[in-house]
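**Student:** My questions all concern the structure below.
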2 protein chains.
Amino acid sequence: MFCWITPIIFFDLIVTSPPYADSRAKTYGGISPDEYVAWFLPKSKQFLRVLKPTGTFILNIKEKVVAAERHTYVLELILALREQGWLWTEEFIWHKRNCHPGKWPNRFRDAWERCLQFNKTKKFRMFQESVMVPMGSWAKTRLKHLGKNDVVRFDSQVGSGFGKNIANWVGRDKAYPSNVLHLATETDNRNHSATFPRALPEWFIKLFTQEGDWVLDPFAGSGTTCAVAQRLHRNTVGIDVKREYVELAEEKTRSVEIVLLDPKPATNKKYAKKQTRRVH
Amino acid sequence: MFCWITPIIFFDLIVTSPPYADSRAKTYGGISPDEYVAWFLPKSKQFLRVLKPTGTFILNIKEKVVAAERHTYVLELILALREQGWLWTEEFIWHKRNCHPGKWPNRFRDAWERCLQFNKTKKFRMFQESVMVPMGSWAKTRLKHLGKNDVVRFDSQVGSGFGKNIANWVGRDKAYPSNVLHLATETDNRNHSATFPRALPEWFIKLFTQEGDWVLDPFAGSGTTCAVAQRLHRNTVGIDVKREYVELAEEKTRSVEIVLLDPKPATNKKYAKKQTRRVH
DNA sequence: AGCTCTTATGAATCATTGA
DNA sequence: GTCAATGATTCATAAGAGC
């Protein structure tokens, strides 16, 4: 049931939601905010190694409030990752529509998280058509009623710019999204503490990979990313230090390779050799 | 018409949208991204001086793309402002629903900007009730004009998720805000290039000040902040280096004190003494 | 007045061209 | 070669016109 694997450079996408600082203390040991960057960098160094040159690394994270202030470890992590060789390509905003309720004297509900995009090179793969959203009805209506007037206008307004647009929109019912994602959190994560909606990894998997590509979630948790990737016909590898999560993930997935790291391994710095467990 | 003023510590709120790096080059000289922090810090040092201990400083800013990467000057600015003594209390997201169009091979449209909240102490003034009523005039307007088409349109936009909120607001007096603001940019047709929607400063003015309080916009531009503050019965001071903007702001406001700095002053580091122009 | 339809345009970004 | 200027791309909104 246990075997050795030697990772090679083959991942097209790494998408993960690592434990946030001081949160999930009981499961991950509770990394303090001040130590977070130092804790993360050795791991991201390995991500850099196993990611294809055209691949993408998506990091879902949000800084917590410490002493009434937003802590700066995420900012420092971004700067440190650039030092490590990553390109900070983009920052997507995940707007949580149904964020945690509550009221505080000098703070509102936190309704967003960062989805940081890092790349190895400027020429990374991206499949924008895969995540197009339905267009606003104004355009649909416009196109539906696109009669002689519009055609005439287009013909008469050569070079005006707007007529040209109409022409481009004909037969199109979808538009490209922006870098703000509106997704609701899910509550059906039974035992895993992090609420990671399926739609979030799904969006990035569709955007940055094709069928048959390889997707890695190095903080697999309950295996949401792996399950979603599998459903989208991508190959996946999930890693987690907690056996419970691996077993939880087994229920969700079939034939997914779940790597179980020894929580306190003597030689875990040797990434090429580690204790693994093959499921099924 | 010109006079000397000696600023004292009396501002309850500083809310501003400074020129972004490399933008508004023709009007502000186009600060390069690499120089931005050094350019900003002397100014924020004065903000720190003239802000009440219980006051708030709101900074609307967004980093630009340089060489296919997000530039890090905003991150560095946050860290530098903390070094200067500011508390980084919160980061609000301004979601621009009508962001600039365009399509690029490996990037989506940029639909959000940062509204960074800084304070001098943990005990700052905040009036949450003021923004709990229909979330500002933008929501009122939307609800007022909410016809059948709007409902259909918003419901049909899968990617936005905005329709649900709209529907929830109908018939409800109060909505609990989060730290994500949904505001559209305004086209003012004026000469000022930055589109700073009135609802943005309005929201923060309501949240952090009461009637009679003092509001400062050190990059006043066309004076939107001052005009809004005035309408809300707050005292305002606007500062800008461009005389045209001061004159533009005069049309918008009455009895607002607009400070016109010499564009290339010999002793502009002496903040306490500067050439000013009193309007009316 | 309320609804539909029309139109301009915005802190954008990238590839290309020209100095 | 490096840097600056130009063109192409494209969607949500407000304001205005028309019924």
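Just remember, in the structure tokens the first chain shown is A, the second B, etc., residues are 1-based per chain, and ligands are 1-based in the order shown.
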Kindly determine which residues of chain A lie within 7 Å of chain B, considering only C-alpha atoms, and give the answer as a ChimeraX atom specification.

**Tutor:** /A:68-70,75,87-90,106,108-111,122,126,133-137,177-180,182

**Student:** Take the residues that were just selected and, keeping N, CA and C atoms, output them as a CSV table (one decimal), in the first residue's frame.

**Tutor:**
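The file below, selection_14.csv, is the result:
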chain,number,residue,atom,x,y,z
A,68,ALA,N,-6.0,44.2,15.8
A,68,ALA,CA,-6.8,45.2,15.1
A,68,ALA,C,-6.2,45.6,13.8
A,69,GLU,N,-5.2,45.0,13.3
A,69,GLU,CA,-4.6,45.3,12.1
A,69,GLU,C,-4.6,44.1,11.1
A,70,ARG,N,-4.6,44.4,9.8
A,70,ARG,CA,-4.4,43.3,8.9
A,70,ARG,C,-2.9,43.0,9.0
A,75,LEU,N,1.5,40.0,2.1
A,75,LEU,CA,2.3,40.9,1.3
A,75,LEU,C,3.7,40.5,1.2
A,87,LEU,N,6.8,34.8,-11.0
A,87,LEU,CA,6.3,36.0,-11.5
A,87,LEU,C,4.9,36.2,-10.9
A,88,TRP,N,4.6,37.4,-10.3
A,88,TRP,CA,3.3,37.7,-9.7
A,88,TRP,C,2.5,38.2,-10.9
A,89,THR,N,1.8,37.3,-11.5
A,89,THR,CA,1.1,37.7,-12.8
A,89,THR,C,-0.2,38.5,-12.5
A,90,GLU,N,-1.0,38.0,-11.6
A,90,GLU,CA,-2.3,38.7,-11.3
A,90,GLU,C,-2.8,38.3,-9.9
A,106,ASN,N,-15.7,48.0,14.9
A,106,ASN,CA,-14.9,48.8,14.0
A,106,ASN,C,-14.5,48.0,12.8
A,108,PHE,N,-16.1,45.5,9.3
A,108,PHE,CA,-17.3,44.8,8.6
A,108,PHE,C,-16.9,43.4,8.3
A,109,ARG,N,-17.9,42.7,7.8
A,109,ARG,CA,-17.6,41.3,7.5
A,109,ARG,C,-16.6,41.2,6.3
A,110,ASP,N,-15.8,40.2,6.5
A,110,ASP,CA,-14.7,40.0,5.4
A,110,ASP,C,-15.3,39.2,4.3
A,111,ALA,N,-15.5,39.8,3.2
A,111,ALA,CA,-16.2,39.1,2.1
A,111,ALA,C,-15.4,38.7,0.9
A,122,LYS,N,6.4,34.4,-18.8
A,122,LYS,CA,5.3,35.2,-19.2
A,122,LYS,C,4.4,34.5,-20.2
A,126,MET,N,-3.3,29.5,-21.2
A,126,MET,CA,-4.5,30.0,-20.6
A,126,MET,C,-5.6,29.8,-21.7
A,133,VAL,N,-18.6,33.7,-19.5
A,133,VAL,CA,-19.9,33.8,-18.8
A,133,VAL,C,-21.0,34.3,-19.7
A,134,PRO,N,-22.2,34.0,-19.4
A,134,PRO,CA,-23.3,34.5,-20.3
A,134,PRO,C,-23.3,36.0,-20.3
A,135,MET,N,-23.6,36.5,-21.5
A,135,MET,CA,-23.5,37.9,-21.7
A,135,MET,C,-24.7,38.6,-21.0
A,136,GLY,N,-24.6,39.9,-20.8
A,136,GLY,CA,-25.7,40.6,-20.3
A,136,GLY,C,-26.9,40.7,-21.3
A,137,SER,N,-28.1,40.7,-20.8
A,137,SER,CA,-29.2,40.6,-21.7
A,137,SER,C,-29.3,41.8,-22.7
A,177,PRO,N,-14.9,36.9,-18.6
A,177,PRO,CA,-15.0,37.4,-17.2
A,177,PRO,C,-13.9,38.4,-16.9
A,178,SER,N,-14.0,39.0,-15.7
A,178,SER,CA,-13.0,39.9,-15.2
A,178,SER,C,-12.2,39.2,-14.2
A,179,ASN,N,-11.4,39.9,-13.4
A,179,ASN,CA,-10.6,39.3,-12.4
A,179,ASN,C,-11.2,39.3,-11.0
A,180,VAL,N,-12.5,39.5,-11.0
A,180,VAL,CA,-13.3,39.4,-9.8
A,180,VAL,C,-14.3,38.2,-9.9
A,182,HIS,N,-17.3,35.9,-8.4
A,182,HIS,CA,-18.4,35.9,-7.4
A,182,HIS,C,-18.9,34.5,-7.2

**Student:** Could you name the residues that touch Ser32 in chain A at 9 Å or less, counting only C-alpha atoms (C1' of nucleotides), but leaving out those on the same chain fewer than 2 positions away, as a PDB file with N, CA, C and O atoms, in the first residue's frame?

**Tutor:**
ATOM      1  N   ALA A  21      -2.559  31.510   8.400  1.00  0.00           N
ATOM      2  CA  ALA A  21      -1.792  31.651   9.632  1.00  0.00           C
ATOM      3  C   ALA A  21      -2.711  31.562  10.856  1.00  0.00           C
ATOM      4  O   ALA A  21      -3.780  32.171  10.881  1.00  0.00           O
ATOM      5  N   ASP A  22      -2.257  30.812  11.855  1.00  0.00           N
ATOM      6  CA  ASP A  22      -2.947  30.689  13.139  1.00  0.00           C
ATOM      7  C   ASP A  22      -4.313  30.023  13.039  1.00  0.00           C
ATOM      8  O   ASP A  22      -4.956  29.799  14.052  1.00  0.00           O
ATOM      9  N   SER A  23      -4.738  29.718  11.809  1.00  0.00           N
ATOM     10  CA  SER A  23      -6.028  29.052  11.704  1.00  0.00           C
ATOM     11  C   SER A  23      -5.796  27.554  11.563  1.00  0.00           C
ATOM     12  O   SER A  23      -4.704  27.103  11.263  1.00  0.00           O
ATOM     13  N   GLY A  30      -0.847  25.150  13.495  1.00  0.00           N
ATOM     14  CA  GLY A  30      -0.982  26.570  13.737  1.00  0.00           C
ATOM     15  C   GLY A  30       0.279  27.369  13.489  1.00  0.00           C
ATOM     16  O   GLY A  30       1.007  27.725  14.405  1.00  0.00           O
ATOM     17  N   ASP A  34       3.975  35.478  11.963  1.00  0.00           N
ATOM     18  CA  ASP A  34       5.350  35.943  11.781  1.00  0.00           C
ATOM     19  C   ASP A  34       6.240  34.882  11.140  1.00  0.00           C
ATOM     20  O   ASP A  34       7.247  35.200  10.510  1.00  0.00           O
ATOM     21  N   GLU A  35       5.861  33.624  11.311  1.00  0.00           N
ATOM     22  CA  GLU A  35       6.687  32.541  10.759  1.00  0.00           C
ATOM     23  C   GLU A  35       6.174  32.067   9.410  1.00  0.00           C
ATOM     24  O   GLU A  35       6.777  31.178   8.800  1.00  0.00           O
ATOM     25  N   TYR A  36       5.083  32.633   8.964  1.00  0.00           N
ATOM     26  CA  TYR A  36       4.380  32.049   7.826  1.00  0.00           C
ATOM     27  C   TYR A  36       5.236  32.012   6.562  1.00  0.00           C
ATOM     28  O   TYR A  36       5.301  30.989   5.879  1.00  0.00           O
TER      29      TYR A  36
END

**Student:** How close does chain C get to chain A? List, as CSV, each residue of chain C within 12 Å, its nearest atom pair and the distance in Å to one decimal, counting only C-alpha atoms (C1' of nucleotides).

**Tutor:**
residue,atom,partner,partner_atom,distance
C:DT4,C1',A:Thr141,CA,10.8
C:DC5,C1',A:Arg142,CA,8.8
C:DT6,C1',A:Arg142,CA,10.3
C:DT7,C1',A:Phe162,CA,8.9
C:DA8,C1',A:Phe162,CA,9.5
C:DT9,C1',A:Phe162,CA,11.0
C:DA12,C1',A:Ser178,CA,11.7

**Student:** May I have the residues of chain D within 12 Å of chain A, counting only C-alpha atoms (C1' of nucleotides), written as a PyMOL selection string?

**Tutor:** chain D and resi 7-13

**Student:** Since we have the selection now, will you write its residues out, keeping C-alpha atoms (C1' of nucleotides), as a PDB file, in the first residue's frame?

**Tutor:**
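What follows is the written file out00.pdb:
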ATOM      1  C1'  DG D   7      -3.877  50.977 -32.734  1.00  0.00           C
ATOM      2  C1'  DA D   8      -6.944  47.134 -31.623  1.00  0.00           C
ATOM      3  C1'  DT D   9      -9.601  44.908 -28.506  1.00  0.00           C
ATOM      4  C1'  DT D  10     -14.328  45.150 -25.858  1.00  0.00           C
ATOM      5  C1'  DC D  11     -18.323  45.492 -21.877  1.00  0.00           C
ATOM      6  C1'  DA D  12     -21.278  47.847 -18.331  1.00  0.00           C
ATOM      7  C1'  DT D  13     -23.321  51.989 -17.362  1.00  0.00           C
TER       8       DT D  13
END

**Student:** Extract, using only C-alpha atoms (C1' of nucleotides), all DNA, RNA and protein residues at most 9 Å from Phe57 in chain A, discarding same-chain residues fewer than 6 positions from it, and format them as a PDB file with N, CA, C and O atoms, in the first residue's frame.

**Tutor:**
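File produced: around.pdb:
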ATOM      1  N   ASP A  12       0.752  20.960 -14.787  1.00  0.00           N
ATOM      2  CA  ASP A  12       0.286  22.093 -15.565  1.00  0.00           C
ATOM      3  C   ASP A  12      -0.314  23.175 -14.666  1.00  0.00           C
ATOM      4  O   ASP A  12      -0.333  24.347 -15.032  1.00  0.00           O
ATOM      5  N   LEU A  13      -0.818  22.743 -13.523  1.00  0.00           N
ATOM      6  CA  LEU A  13      -1.456  23.698 -12.619  1.00  0.00           C
ATOM      7  C   LEU A  13      -1.287  23.236 -11.179  1.00  0.00           C
ATOM      8  O   LEU A  13      -1.468  22.059 -10.873  1.00  0.00           O
ATOM      9  N   ILE A  14      -0.912  24.165 -10.342  1.00  0.00           N
ATOM     10  CA  ILE A  14      -0.944  23.937  -8.904  1.00  0.00           C
ATOM     11  C   ILE A  14      -1.968  24.910  -8.345  1.00  0.00           C
ATOM     12  O   ILE A  14      -1.826  26.117  -8.489  1.00  0.00           O
ATOM     13  N   VAL A  15      -3.020  24.396  -7.780  1.00  0.00           N
ATOM     14  CA  VAL A  15      -4.044  25.266  -7.207  1.00  0.00           C
ATOM     15  C   VAL A  15      -4.334  24.774  -5.799  1.00  0.00           C
ATOM     16  O   VAL A  15      -4.626  23.596  -5.582  1.00  0.00           O
ATOM     17  N   THR A  16      -4.194  25.681  -4.842  1.00  0.00           N
ATOM     18  CA  THR A  16      -4.297  25.238  -3.461  1.00  0.00           C
ATOM     19  C   THR A  16      -4.718  26.358  -2.538  1.00  0.00           C
ATOM     20  O   THR A  16      -4.588  27.534  -2.856  1.00  0.00           O
ATOM     21  N   PHE A  47       7.267  23.604  -5.474  1.00  0.00           N
ATOM     22  CA  PHE A  47       6.241  23.875  -6.493  1.00  0.00           C
ATOM     23  C   PHE A  47       6.910  24.399  -7.763  1.00  0.00           C
ATOM     24  O   PHE A  47       6.553  24.015  -8.874  1.00  0.00           O
ATOM     25  N   LEU A  48       7.857  25.290  -7.548  1.00  0.00           N
ATOM     26  CA  LEU A  48       8.576  25.879  -8.678  1.00  0.00           C
ATOM     27  C   LEU A  48       9.286  24.793  -9.482  1.00  0.00           C
ATOM     28  O   LEU A  48       9.383  24.869 -10.707  1.00  0.00           O
ATOM     29  N   LEU A  51       6.543  22.372 -11.435  1.00  0.00           N
ATOM     30  CA  LEU A  51       5.584  23.008 -12.346  1.00  0.00           C
ATOM     31  C   LEU A  51       6.210  23.162 -13.727  1.00  0.00           C
ATOM     32  O   LEU A  51       7.376  23.523 -13.853  1.00  0.00           O
ATOM     33  N   LEU A 116      -4.014  34.514  -5.739  1.00  0.00           N
ATOM     34  CA  LEU A 116      -2.801  35.042  -6.346  1.00  0.00           C
ATOM     35  C   LEU A 116      -2.331  34.106  -7.451  1.00  0.00           C
ATOM     36  O   LEU A 116      -2.239  32.893  -7.250  1.00  0.00           O
ATOM     37  N   GLN A 117      -2.064  34.690  -8.602  1.00  0.00           N
ATOM     38  CA  GLN A 117      -1.573  33.896  -9.720  1.00  0.00           C
ATOM     39  C   GLN A 117      -0.081  34.110  -9.889  1.00  0.00           C
ATOM     40  O   GLN A 117       0.391  35.237 -10.048  1.00  0.00           O
ATOM     41  N   PHE A 118       0.671  33.012  -9.854  1.00  0.00           N
ATOM     42  CA  PHE A 118       2.116  33.068 -10.074  1.00  0.00           C
ATOM     43  C   PHE A 118       2.477  32.199 -11.264  1.00  0.00           C
ATOM     44  O   PHE A 118       1.833  31.178 -11.516  1.00  0.00           O
ATOM     45  N   ASN A 119       3.488  32.625 -11.992  1.00  0.00           N
ATOM     46  CA  ASN A 119       3.947  31.866 -13.153  1.00  0.00           C
ATOM     47  C   ASN A 119       5.467  31.819 -13.185  1.00  0.00           C
ATOM     48  O   ASN A 119       6.138  32.593 -12.507  1.00  0.00           O
ATOM     49  N   LYS A 120       5.969  30.892 -13.992  1.00  0.00           N
ATOM     50  CA  LYS A 120       7.414  30.780 -14.162  1.00  0.00           C
ATOM     51  C   LYS A 120       7.902  31.654 -15.307  1.00  0.00           C
ATOM     52  O   LYS A 120       9.021  32.140 -15.298  1.00  0.00           O
TER      53      LYS A 120
END
